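Visitor: Following this line is start02.cif, made up of mmCIF, C-alpha atoms and all ligand atoms:
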data_target
loop_
_atom_site.label_atom_id
_atom_site.label_comp_id
_atom_site.auth_asym_id
_atom_site.auth_seq_id
_atom_site.Cartn_x
_atom_site.Cartn_y
_atom_site.Cartn_z
CA MET A 1 100.10 75.20 131.50
CA SER A 2 101.35 76.79 128.34
CA PHE A 3 98.11 77.75 126.74
CA VAL A 4 98.57 80.38 124.06
CA PRO A 5 95.40 81.52 122.37
CA ARG A 6 95.56 80.89 118.63
CA ILE A 7 94.77 84.43 117.71
CA LEU A 8 97.77 85.78 119.65
CA LYS A 9 100.05 83.30 117.99
CA ALA A 10 98.82 84.31 114.59
CA VAL A 11 99.46 88.02 115.00
CA SER A 12 102.96 87.94 116.49
CA PHE A 13 105.58 88.72 113.91
CA PRO A 14 109.35 88.67 114.34
CA ALA A 15 109.78 92.29 113.33
CA LYS A 16 106.95 93.55 115.48
CA GLU A 17 108.97 95.97 117.63
CA HIS A 18 110.57 97.49 114.60
CA VAL A 19 107.23 97.84 112.87
CA MET A 20 105.69 99.45 115.97
CA ALA A 21 108.52 101.97 116.12
CA LYS A 22 107.93 102.81 112.49
CA MET A 23 104.20 103.17 112.99
CA ASN A 24 104.72 105.39 116.00
CA ALA A 25 106.96 107.68 114.00
CA ILE A 26 103.98 108.27 111.74
CA GLN A 27 101.44 108.50 114.54
CA PHE A 28 103.53 110.89 116.61
CA GLN A 29 104.61 113.24 113.86
CA PRO A 30 103.63 116.88 114.37
CA GLY A 31 100.65 117.83 112.24
CA LEU A 32 99.50 121.33 111.49
CA SER A 33 98.39 122.53 114.94
CA LEU A 34 95.18 124.54 115.20
CA ASN A 35 97.30 127.46 116.32
CA ASP A 36 99.59 127.27 113.28
CA PHE A 37 96.58 126.84 111.03
CA LEU A 38 94.92 129.99 112.42
CA GLU A 39 98.15 131.94 112.12
CA GLN A 40 98.48 130.99 108.46
CA PHE A 41 94.84 130.89 107.35
CA GLY A 42 92.93 132.81 110.00
CA THR A 43 91.70 135.64 107.78
CA GLU A 44 89.89 135.82 104.44
CA GLU A 45 92.85 137.75 102.97
CA GLN A 46 95.32 135.04 104.01
CA CYS A 47 93.12 132.33 102.48
CA ALA A 48 92.71 134.28 99.24
CA ALA A 49 96.47 134.86 99.01
CA ALA A 50 97.14 131.15 99.63
CA LEU A 51 94.58 130.16 97.01
CA GLU A 52 96.06 132.56 94.45
CA GLN A 53 99.58 131.32 95.11
CA SER A 54 98.41 127.72 94.87
CA ARG A 55 96.42 128.20 91.69
CA TRP A 56 98.98 130.35 89.88
CA PRO A 57 102.37 129.71 91.49
CA SER A 58 104.14 131.64 88.68
CA GLY A 59 101.54 134.40 88.52
CA PHE A 60 98.13 134.66 86.86
CA THR A 61 97.56 132.63 83.70
CA CYS A 62 94.36 133.18 81.74
CA PRO A 63 92.32 129.95 81.73
CA VAL A 64 90.93 130.83 78.28
CA CYS A 65 93.98 131.87 76.23
CA GLY A 66 96.92 131.15 78.51
CA GLY A 67 98.03 134.80 78.50
CA THR A 68 99.76 136.17 81.57
CA ALA A 69 99.42 139.94 81.05
CA HIS A 70 96.48 141.10 83.11
CA SER A 71 94.97 143.82 85.21
CA VAL A 72 93.15 143.44 88.49
CA VAL A 73 89.65 144.83 88.91
CA TRP A 74 87.52 144.61 92.01
CA HIS A 75 83.82 143.76 91.83
CA ASP A 76 82.56 144.62 95.28
CA ARG A 77 85.22 142.82 97.30
CA VAL A 78 85.90 140.10 94.76
CA LYS A 79 89.33 140.23 93.19
CA THR A 80 88.98 139.71 89.45
CA PHE A 81 91.77 139.22 86.93
CA GLN A 82 91.21 140.65 83.46
CA CYS A 83 93.30 139.16 80.67
CA CYS A 84 94.96 141.77 78.43
CA SER A 85 94.80 139.49 75.37
CA CYS A 86 91.24 138.13 75.35
CA ARG A 87 89.62 140.45 77.94
CA GLN A 88 88.24 137.43 79.86
CA GLN A 89 87.58 138.16 83.52
CA THR A 90 88.45 135.40 85.97
CA THR A 91 87.95 135.31 89.72
CA LEU A 92 90.19 133.34 92.04
CA THR A 93 87.58 130.65 92.50
CA ALA A 94 86.15 130.43 88.96
CA GLY A 95 86.61 127.03 87.34
CA THR A 96 87.85 125.38 90.54
CA ILE A 97 86.08 123.32 93.19
CA PHE A 98 85.31 126.67 94.91
CA HIS A 99 83.39 127.88 91.83
CA SER A 100 80.42 130.17 92.65
CA THR A 101 80.77 129.53 96.35
CA LYS A 102 78.85 131.83 98.65
CA LEU A 103 80.83 130.60 101.61
CA SER A 104 83.90 132.43 102.84
CA LEU A 105 87.27 130.92 101.94
CA LYS A 106 87.93 130.79 105.68
CA LYS A 107 85.18 128.19 106.08
CA TRP A 108 86.53 126.24 103.12
CA PHE A 109 89.99 126.22 104.61
CA GLN A 110 88.63 125.16 107.99
CA ALA A 111 86.76 122.29 106.33
CA MET A 112 89.91 121.19 104.51
CA TYR A 113 91.83 121.45 107.76
CA PHE A 114 89.45 119.24 109.72
CA LEU A 115 89.12 116.75 106.86
CA THR A 116 92.88 116.25 106.63
CA GLN A 117 94.23 116.56 110.17
CA THR A 118 91.94 114.28 112.16
CA LYS A 119 92.75 110.61 112.43
CA ASN A 120 89.19 109.42 112.07
CA ASN A 121 86.75 110.84 109.58
CA VAL A 122 84.70 113.95 110.15
CA SER A 123 81.08 113.54 109.11
CA ALA A 124 79.02 116.28 107.48
CA LEU A 125 77.07 116.53 110.72
CA GLU A 126 80.22 117.12 112.74
CA LEU A 127 81.48 119.61 110.17
CA LYS A 128 78.18 121.47 110.51
CA ARG A 129 78.87 121.98 114.21
CA LEU A 130 82.58 122.70 113.86
CA LEU A 131 82.08 125.37 111.18
CA GLY A 132 78.75 126.77 112.31
CA VAL A 133 77.04 126.23 108.96
CA CYS A 134 73.78 124.47 108.09
CA TYR A 135 73.81 120.74 107.43
CA ARG A 136 73.25 121.08 103.71
CA THR A 137 76.19 123.45 103.37
CA ALA A 138 78.37 121.11 105.42
CA TRP A 139 77.33 118.16 103.26
CA ARG A 140 78.12 120.05 100.05
CA LEU A 141 81.44 121.23 101.41
CA LYS A 142 82.43 117.79 102.57
CA HIS A 143 81.48 116.07 99.33
CA LYS A 144 83.25 118.68 97.21
CA VAL A 145 86.45 118.18 99.19
CA LEU A 146 86.01 114.41 98.97
CA GLN A 147 85.49 114.69 95.22
CA VAL A 148 88.86 116.46 94.96
CA MET A 149 90.36 113.47 96.76
CA VAL A 150 88.56 111.03 94.43
CA GLU A 151 89.92 112.72 91.32
CA ARG A 152 93.42 113.10 92.74
CA GLU A 153 93.62 109.42 93.67
CA GLN A 154 91.89 107.83 90.70
CA THR A 155 95.11 107.33 88.75
CA ARG A 156 97.04 105.90 91.72
CA LYS A 157 99.11 102.89 90.62
CA LEU A 158 100.64 100.36 92.97
CA ASP A 159 103.90 98.57 92.23
CA GLY A 160 106.14 95.97 93.88
CA ARG A 161 104.53 93.61 96.38
CA VAL A 162 100.80 94.34 96.69
CA GLU A 163 98.44 92.61 99.15
CA VAL A 164 94.93 92.50 97.71
CA ASP A 165 91.71 91.49 99.41
CA ASP A 166 87.97 91.69 98.86
CA ALA A 167 86.17 93.72 101.51
CA TYR A 168 82.84 95.26 102.42
CA LEU A 169 81.95 98.50 104.06
CA GLY A 170 78.84 99.80 105.83
CA GLY A 171 75.29 98.51 105.85
CA GLU A 172 75.91 96.05 108.66
CA LEU A 173 72.77 94.08 109.20
CA PRO A 174 71.38 93.74 112.73
CA GLY A 175 72.07 90.01 112.82
CA GLY A 176 75.78 90.66 112.33
CA LYS A 177 75.72 88.84 109.03
CA ALA A 178 79.05 89.45 107.43
CA GLY A 179 81.48 88.29 104.80
CA ARG A 180 81.16 87.51 101.15
CA GLY A 181 77.74 87.82 99.62
CA SER A 182 76.27 89.71 102.56
CA GLU A 183 73.49 92.03 101.43
CA ASN A 184 73.34 95.77 101.91
CA LYS A 185 77.09 96.30 101.92
CA VAL A 186 79.44 98.08 99.60
CA PRO A 187 81.92 95.66 98.05
CA PHE A 188 85.36 97.08 97.43
CA ILE A 189 88.90 96.00 96.66
CA ALA A 190 91.53 96.84 99.26
CA ALA A 191 95.13 96.84 98.06
CA VAL A 192 98.26 97.74 100.01
CA GLN A 193 101.72 98.08 98.50
CA THR A 194 104.48 97.06 100.89
CA SER A 195 108.17 97.97 100.82
CA GLU A 196 111.01 95.47 100.53
CA SER A 197 111.46 95.71 104.29
CA GLY A 198 107.79 94.77 104.74
CA HIS A 199 106.24 98.13 105.59
CA PRO A 200 103.04 99.47 104.09
CA LEU A 201 103.57 102.27 101.56
CA MET A 202 100.49 103.11 99.52
CA ALA A 203 96.92 101.87 99.44
CA VAL A 204 94.07 101.78 96.95
CA PHE A 205 90.44 101.22 97.95
CA SER A 206 88.14 100.78 94.97
CA ARG A 207 84.44 100.22 94.97
CA VAL A 208 83.29 97.42 92.67
CA LYS A 209 79.82 96.27 91.73
CA THR A 210 80.77 92.69 92.33
CA PHE A 211 83.92 90.58 92.57
CA SER A 212 84.01 89.35 88.99
CA ARG A 213 86.96 88.66 86.71
CA ALA A 214 85.90 91.51 84.40
CA GLU A 215 85.85 94.04 87.26
CA ILE A 216 89.21 92.89 88.60
CA LYS A 217 90.66 93.11 85.10
CA ASP A 218 89.53 96.74 84.74
CA TRP A 219 90.76 97.52 88.23
CA ALA A 220 94.17 95.96 87.57
CA SER A 221 94.69 97.95 84.38
CA LEU A 222 94.00 101.17 86.30
CA HIS A 223 95.80 100.55 89.57
CA LEU A 224 98.59 98.02 89.06
CA ALA A 225 101.96 98.57 87.42
CA ALA A 226 103.06 95.79 85.07
CA SER A 227 105.92 94.99 87.44
CA ALA A 228 103.67 94.53 90.49
CA THR A 229 103.29 91.19 92.27
CA VAL A 230 99.87 90.60 93.77
CA VAL A 231 99.39 88.46 96.85
CA SER A 232 95.76 87.47 97.34
CA ASP A 233 93.71 84.59 98.62
CA GLY A 234 92.34 82.04 96.20
CA LEU A 235 89.15 83.90 95.24
CA ALA A 236 88.82 83.08 91.54
CA CYS A 237 88.34 86.62 90.23
CA PHE A 238 91.80 87.67 91.47
CA ALA A 239 93.39 85.59 88.69
CA SER A 240 92.54 88.55 86.42
CA VAL A 241 95.14 90.79 88.06
CA THR A 242 97.68 89.42 85.57
CA THR A 243 95.95 90.98 82.53
CA GLY A 244 98.07 94.14 82.74
CA GLY A 245 101.28 92.18 83.19
CA ALA A 246 101.37 91.92 86.99
CA ALA A 247 102.41 88.65 88.58
CA HIS A 248 100.02 86.82 90.88
CA GLU A 249 100.76 84.74 93.97
CA PRO A 250 97.48 83.31 95.18
CA VAL A 251 97.68 81.91 98.70
CA VAL A 252 95.37 79.06 99.41
CA VAL A 253 93.55 79.73 102.65
CA GLY A 254 92.49 76.54 104.35
CA THR A 255 88.91 76.10 105.51
CA LYS A 256 89.93 76.25 109.17
CA ARG A 257 92.28 79.18 108.88
CA LYS A 258 91.18 82.68 108.20
CA SER A 259 93.12 84.94 105.82
CA THR A 260 92.97 87.57 108.60
CA SER A 261 95.42 85.54 110.66
CA MET A 262 97.94 84.94 107.90
CA PRO A 263 101.16 87.00 107.92
CA CYS A 264 101.13 87.46 104.14
CA PHE A 265 97.92 89.48 104.48
CA LYS A 266 99.04 91.37 107.55
CA TRP A 267 99.01 94.89 106.10
CA VAL A 268 95.86 94.70 104.07
CA ASN A 269 94.10 93.39 107.18
CA THR A 270 95.58 96.08 109.44
CA VAL A 271 94.65 98.84 107.02
CA LEU A 272 91.13 97.42 106.62
CA GLY A 273 90.73 97.27 110.40
CA ASN A 274 91.74 100.93 110.73
CA LEU A 275 89.46 101.91 107.87
CA LYS A 276 86.50 100.23 109.52
CA THR A 277 87.26 101.86 112.88
CA ALA A 278 87.55 105.26 111.22
CA THR A 279 84.27 104.96 109.35
CA SER A 280 82.02 102.96 111.67
CA GLY A 281 81.62 105.69 114.26
CA THR A 282 81.30 108.46 111.73
CA TYR A 283 78.88 107.56 109.01
CA HIS A 284 75.37 106.26 108.81
CA ALA A 285 75.11 103.09 106.86
CA PHE A 286 72.49 104.36 104.41
CA ASP A 287 74.96 106.80 102.88
CA PHE A 288 77.42 104.13 101.97
CA TYR A 289 75.73 102.54 99.05
CA LYS A 290 75.55 105.69 97.00
CA TYR A 291 78.59 107.63 98.20
CA GLY A 292 80.82 104.81 99.40
CA PHE A 293 83.37 105.47 96.68
CA ARG A 294 83.96 108.98 98.08
CA TYR A 295 84.45 107.77 101.64
CA LEU A 296 86.90 105.19 100.35
CA ALA A 297 88.78 107.85 98.40
CA GLU A 298 88.92 110.00 101.54
CA ALA A 299 90.54 107.16 103.48
CA GLN A 300 92.90 106.39 100.59
CA TYR A 301 93.91 110.03 100.16
CA ARG A 302 94.79 110.43 103.82
CA PHE A 303 96.53 107.08 104.08
CA ASN A 304 98.76 107.84 101.11
CA ARG A 305 99.78 111.18 102.62
CA ARG A 306 100.09 110.07 106.23
CA PHE A 307 103.88 110.48 106.19
CA ASP A 308 103.60 114.24 106.01
CA LEU A 309 100.69 115.83 107.81
CA THR A 310 102.17 119.32 107.56
CA THR A 311 101.94 119.45 103.76
CA ILE A 312 98.65 117.62 103.33
CA LEU A 313 96.59 120.83 103.46
CA PRO A 314 98.60 122.82 100.86
CA ARG A 315 98.61 119.76 98.61
CA LEU A 316 94.85 119.40 98.93
CA LEU A 317 94.48 123.10 98.17
CA ARG A 318 96.54 122.68 95.00
CA ALA A 319 94.38 119.70 93.95
CA ALA A 320 91.25 121.76 94.68
CA THR A 321 92.36 124.44 92.22
CA THR A 322 92.82 121.86 89.46
CA THR A 323 89.48 120.14 90.08
CA GLY A 324 86.73 121.88 88.13
CA LYS A 325 83.32 123.07 89.21
CA ARG A 326 81.23 120.29 90.75
CA THR A 327 77.65 121.29 91.52
CA GLU A 328 75.64 119.85 94.39
CA GLN A 329 73.24 118.30 91.87
CA TRP A 330 76.16 116.59 90.16
CA LEU A 331 77.58 115.43 93.48
CA ARG A 332 74.25 113.88 94.46
CA LEU A 333 73.83 112.11 91.14
CA ALA A 334 77.36 110.87 90.74
CA GLU A 335 77.94 107.25 91.52
CA ASP A 336 81.58 106.72 90.73
ZN ZN A 401 92.94 135.38 77.98
#
What is this structure when it is put down as structure tokens?
Ligand SMILES: [Zn+2]
Guide:
Amino acid sequence: MSFVPRILKAVSFPAKEHVMAKMNAIQFQPGLSLNDFLEQFGTEEQCAAALEQSRWPSGFTCPVCGGTAHSVVWHDRVKTFQCCSCRQQTTLTAGTIFHSTKLSLKKWFQAMYFLTQTKNNVSALELKRLLGVCYRTAWRLKHKVLQVMVEREQTRKLDGRVEVDDAYLGGELPGGKAGRGSENKVPFIAAVQTSESGHPLMAVFSRVKTFSRAEIKDWASLHLAASATVVSDGLACFASVTTGGAAHEPVVVGTKRKSTSMPCFKWVNTVLGNLKTATSGTYHAFDFYKYGFRYLAEAQYRFNRRFDLTTILPRLLRAATTTGKRTEQWLRLAED
């Protein structure tokens, strides 16, 4: 008897061992341990110093006039920088994602730590418990950090060989109805750029209203370099990826074969599988429809920085200082 199940056949690739070794190098890299985190960011003073250094690496610069000469005044315990040219007073957090926060910077740093170092996502509910804050605060904190990730990733462009697929997230119906056209799900485009040696490099996950040629055209102009080559299945809308100059190699998927078992879609399928595992245990489906684009950006942000877990926190901090004030009301209204 030499019975080999079809599914096993379909997922064995010649370079599998090499790929596994590569993946393990990423999975086993040292992150920022809780101990190291607490040593670096365990006090309010350390967090404030890190924020100041991140926001003004070459020293204070007035956000109004660009002047650098300043004096420091203290209002209660809040460090305030007063510009010598225009007299504007600026706090460390003013005009950043931390604007008007009543929460300690320690809690902010802890939130950013948990949201970047864990493999699977941390929900607002879990953050509430981890930080010892109320649910609403945890929600606001989480969505502000996610918004930083959204804005940092929104100009991400993929180049070279790019596997593209249509996908859905959340809102699984009890009957297990799935696939194209299923109701109550968030449709999104998943795209993974692979290296010449066939390894995944960068990913883009973009929410779309529907898989139409017009939407794919807009998406392609934002996220594909003109020299990219897109590999997709034969779904008609994907023909629009060429509008920005990218080449397109549609692969006809037979009625009996699934694109999930085809080697040319290996990485987009792997990444989608991981994304679904990371989100399914964490989030309630009802959130997805409105805020799905933020959860996708969270996954994309972490995926694209997975090679270096030790710098992901300082890089997020830097991005947080360049993202402006985002109120809770704005966060609740915003739909991509
Ligand atoms: Zn000034």
Visitor: Here is a test: counting all atoms listed in the file, which residue of A:Leu296, A:Val251, A:Ala225, A:Met149 is nearest to Ala167 in chain A?
Guide: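 Between A:Leu296, A:Val251, A:Ala225, A:Met149, the residue approaching Ala167 in chain A most closely is A:Leu296.
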Visitor: Could you list the protein, DNA and RNA residues that have any atom within 12 Å of ligand ZN 401 (chain A), counting all atoms listed in the file, and write them as a list in words?
Guide: Phe60, Thr61, Cys62, Pro63, Val64, Cys65, Gly66, Gly67, Thr68, Ala69, His70, Ser71, Phe81, Gln82, Cys83, Cys84, Ser85, Cys86, Arg87, Gln88, Gln89 and Thr90 of chain A
Visitor: Which residues, written as a count of residues only, have at least one atom at most 12 Å from Phe114 in chain A, with only C-alpha atoms counted and residues fewer than 6 positions away on the same chain left out?
Guide: 25
Visitor: Go through A:Arg161, A:Lys119, A:His143, A:Arg326 one by one, measure the shortest atom-to-atom distance of each to Phe303 in chain A using all atoms listed in the file, and give the residue with the smallest value.
Guide: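 Closest to Phe303 in chain A, using all atoms listed in the file: A:Lys119.
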Visitor: Quick one, how far is CA of Ala203 in chain A from CA of Tyr295 in chain A?
Guide: 14.0 Å
Visitor: Would you list the residues near (97.7, 94.1, 104.3) (no more than 8 Å away, in the coordinates of the file, using only C-alpha atoms) as a list in words?
Guide: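 The residues that fall inside the cut-off are Glu163, Val164, Ala191, Val192, Pro200, Cys264, Phe265, Lys266, Trp267, Val268, Asn269, Thr270, Val271 and Leu272 of chain A.
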Visitor: Write a file of the just-selected residues containing C-alpha atoms, as a CSV table (one decimal), keeping the file's coordinate frame.
Guide:
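result_13.csv, freshly written:
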chain,number,residue,atom,x,y,z
A,163,GLU,CA,98.4,92.6,99.2
A,164,VAL,CA,94.9,92.5,97.7
A,191,ALA,CA,95.1,96.8,98.1
A,192,VAL,CA,98.3,97.7,100.0
A,200,PRO,CA,103.0,99.5,104.1
A,264,CYS,CA,101.1,87.5,104.1
A,265,PHE,CA,97.9,89.5,104.5
A,266,LYS,CA,99.0,91.4,107.6
A,267,TRP,CA,99.0,94.9,106.1
A,268,VAL,CA,95.9,94.7,104.1
A,269,ASN,CA,94.1,93.4,107.2
A,270,THR,CA,95.6,96.1,109.4
A,271,VAL,CA,94.6,98.8,107.0
A,272,LEU,CA,91.1,97.4,106.6
Visitor: With only C-alpha atoms as the counted atoms, please give the residues lying no more than 12 Å from Arg305 in chain A, apart from itself and same-chain residues fewer than 5 positions off, as a VMD selection string.
Guide: chain A and resid 26 31 116 to 117 149 152 to 153 201 to 203 298 to 300 310 to 316
Visitor: Keeping only C-alpha atoms, write the selected residues as a PDB file, in the coordinates of the input.
Guide:
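Resulting contents of again37.pdb:
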ATOM      1  CA  ILE A  26     103.980 108.270 111.740  1.00  0.00           C
ATOM      2  CA  GLY A  31     100.650 117.830 112.240  1.00  0.00           C
ATOM      3  CA  THR A 116      92.880 116.250 106.630  1.00  0.00           C
ATOM      4  CA  GLN A 117      94.230 116.560 110.170  1.00  0.00           C
ATOM      5  CA  MET A 149      90.360 113.470  96.760  1.00  0.00           C
ATOM      6  CA  ARG A 152      93.420 113.100  92.740  1.00  0.00           C
ATOM      7  CA  GLU A 153      93.620 109.420  93.670  1.00  0.00           C
ATOM      8  CA  LEU A 201     103.570 102.270 101.560  1.00  0.00           C
ATOM      9  CA  MET A 202     100.490 103.110  99.520  1.00  0.00           C
ATOM     10  CA  ALA A 203      96.920 101.870  99.440  1.00  0.00           C
ATOM     11  CA  GLU A 298      88.920 110.000 101.540  1.00  0.00           C
ATOM     12  CA  ALA A 299      90.540 107.160 103.480  1.00  0.00           C
ATOM     13  CA  GLN A 300      92.900 106.390 100.590  1.00  0.00           C
ATOM     14  CA  THR A 310     102.170 119.320 107.560  1.00  0.00           C
ATOM     15  CA  THR A 311     101.940 119.450 103.760  1.00  0.00           C
ATOM     16  CA  ILE A 312      98.650 117.620 103.330  1.00  0.00           C
ATOM     17  CA  LEU A 313      96.590 120.830 103.460  1.00  0.00           C
ATOM     18  CA  PRO A 314      98.600 122.820 100.860  1.00  0.00           C
ATOM     19  CA  ARG A 315      98.610 119.760  98.610  1.00  0.00           C
ATOM     20  CA  LEU A 316      94.850 119.400  98.930  1.00  0.00           C
TER      21      LEU A 316
END
Visitor: What does the structure give for the distance between CA of Ala111 in chain A and CA of Cys47 in chain A, in Å to one decimal?
Guide: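 According to the coordinates, CA of Ala111 in chain A and CA of Cys47 in chain A are separated by 12.5 Å.
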Visitor: Record the distance separating CA of Val204 in chain A and CA of Val162 in chain A, expressed in Å with one decimal.
Guide: 10.0 Å
Visitor: Which one is closest to Ala50 in chain A: A:Lys325, A:Lys217, A:Lys144, A:Arg318? Count all atoms listed in the file.
Guide: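 Distance minimum relative to Ala50 in chain A lands on A:Arg318.
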Visitor: Give me, as a PyMOL selection string, all polymer residues having an atom no more than 9 Å from Leu51 in chain A, counting only C-alpha atoms and skipping those fewer than 2 positions away in the same chain.
Guide: chain A and resi 46-49+53-56+92-93+105+317-318+321
Visitor: Find, counting all atoms listed in the file, the residue in A:Gly198, A:Asp166, A:Gln40, A:Ala190 that gets nearest to Asp233 in chain A.
Guide: A:Asp166
Visitor: Let me make sure I understand: among A:Ala25, A:Leu224, A:Ala320, A:Met262, which one has the smallest atom-to-atom distance to Thr155 in chain A if we use all atoms listed in the file?
Guide: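 Of A:Ala25, A:Leu224, A:Ala320, A:Met262, the one nearest Thr155 in chain A is A:Leu224, counting all atoms listed in the file.
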Visitor: Calculated over only C-alpha atoms, which of the candidates A:Gly244, A:Pro263, A:Pro30, A:Pro250 has the smallest distance to Ala226 in chain A?
Guide: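 Nearest to Ala226 in chain A: A:Gly244.
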Visitor: The centre and edge lengths of an axis-aligned box containing all atoms of range 66-77 of chain A present in the file, extended by 8 Å on each side, are to be given in Å to one decimal, as lines of an AutoDock Vina configuration file.
Guide:
center_x = 91.2
center_y = 138.0
center_z = 87.9
size_x = 33.2
size_y = 29.7
size_z = 34.8
Visitor: Output range 147-154 of chain A as a compact mmCIF listing (two decimals), keeping the file's coordinate frame, making sure all heavy atoms are there.
Guide:
# COMPACT_ATOMS: atom_id res chain seq x y z
N GLN A 147 85.40 114.89 96.66
CA GLN A 147 85.49 114.69 95.22
C GLN A 147 86.88 115.07 94.70
O GLN A 147 87.41 114.43 93.80
CB GLN A 147 84.39 115.51 94.51
CG GLN A 147 84.31 115.28 93.01
CD GLN A 147 84.03 113.82 92.64
OE1 GLN A 147 83.37 113.10 93.39
NE2 GLN A 147 84.53 113.39 91.49
N VAL A 148 87.47 116.09 95.30
CA VAL A 148 88.86 116.46 94.96
C VAL A 148 89.78 115.26 95.24
O VAL A 148 90.64 114.91 94.43
CB VAL A 148 89.33 117.70 95.78
CG1 VAL A 148 90.82 117.94 95.59
CG2 VAL A 148 88.53 118.93 95.38
N MET A 149 89.54 114.63 96.38
CA MET A 149 90.36 113.47 96.76
C MET A 149 90.14 112.31 95.79
O MET A 149 91.08 111.63 95.38
CB MET A 149 90.03 113.04 98.18
CG MET A 149 90.39 114.09 99.23
SD MET A 149 89.89 113.57 100.89
CE MET A 149 90.61 114.86 101.91
N VAL A 150 88.88 112.10 95.40
CA VAL A 150 88.56 111.03 94.43
C VAL A 150 89.36 111.23 93.15
O VAL A 150 90.04 110.32 92.66
CB VAL A 150 87.04 111.02 94.07
CG1 VAL A 150 86.76 110.13 92.87
CG2 VAL A 150 86.20 110.59 95.26
N GLU A 151 89.31 112.47 92.62
CA GLU A 151 89.92 112.72 91.32
C GLU A 151 91.45 112.72 91.40
O GLU A 151 92.12 112.35 90.45
CB GLU A 151 89.37 114.04 90.74
CG GLU A 151 87.88 113.88 90.45
CD GLU A 151 87.21 115.10 89.83
OE1 GLU A 151 87.88 115.84 89.09
OE2 GLU A 151 86.00 115.29 90.08
N ARG A 152 91.96 113.10 92.56
CA ARG A 152 93.42 113.10 92.74
C ARG A 152 93.95 111.67 92.84
O ARG A 152 95.06 111.37 92.42
CB ARG A 152 93.77 113.87 94.02
CG ARG A 152 95.21 114.22 94.18
CD ARG A 152 95.63 115.34 93.24
NE ARG A 152 97.08 115.50 93.22
CZ ARG A 152 97.89 114.78 92.48
NH1 ARG A 152 97.40 113.87 91.65
NH2 ARG A 152 99.20 114.98 92.52
N GLU A 153 93.15 110.79 93.41
CA GLU A 153 93.62 109.42 93.67
C GLU A 153 93.25 108.43 92.58
O GLU A 153 93.68 107.27 92.62
CB GLU A 153 93.04 108.92 95.01
CG GLU A 153 93.76 109.48 96.23
CD GLU A 153 95.20 108.99 96.37
OE1 GLU A 153 95.43 107.78 96.35
OE2 GLU A 153 96.10 109.85 96.49
N GLN A 154 92.42 108.85 91.61
CA GLN A 154 91.89 107.83 90.70
C GLN A 154 92.93 107.24 89.73
O GLN A 154 92.67 106.20 89.13
CB GLN A 154 90.67 108.35 89.93
CG GLN A 154 90.91 109.50 89.00
CD GLN A 154 89.59 110.14 88.55
OE1 GLN A 154 88.51 109.70 88.93
NE2 GLN A 154 89.67 111.17 87.72
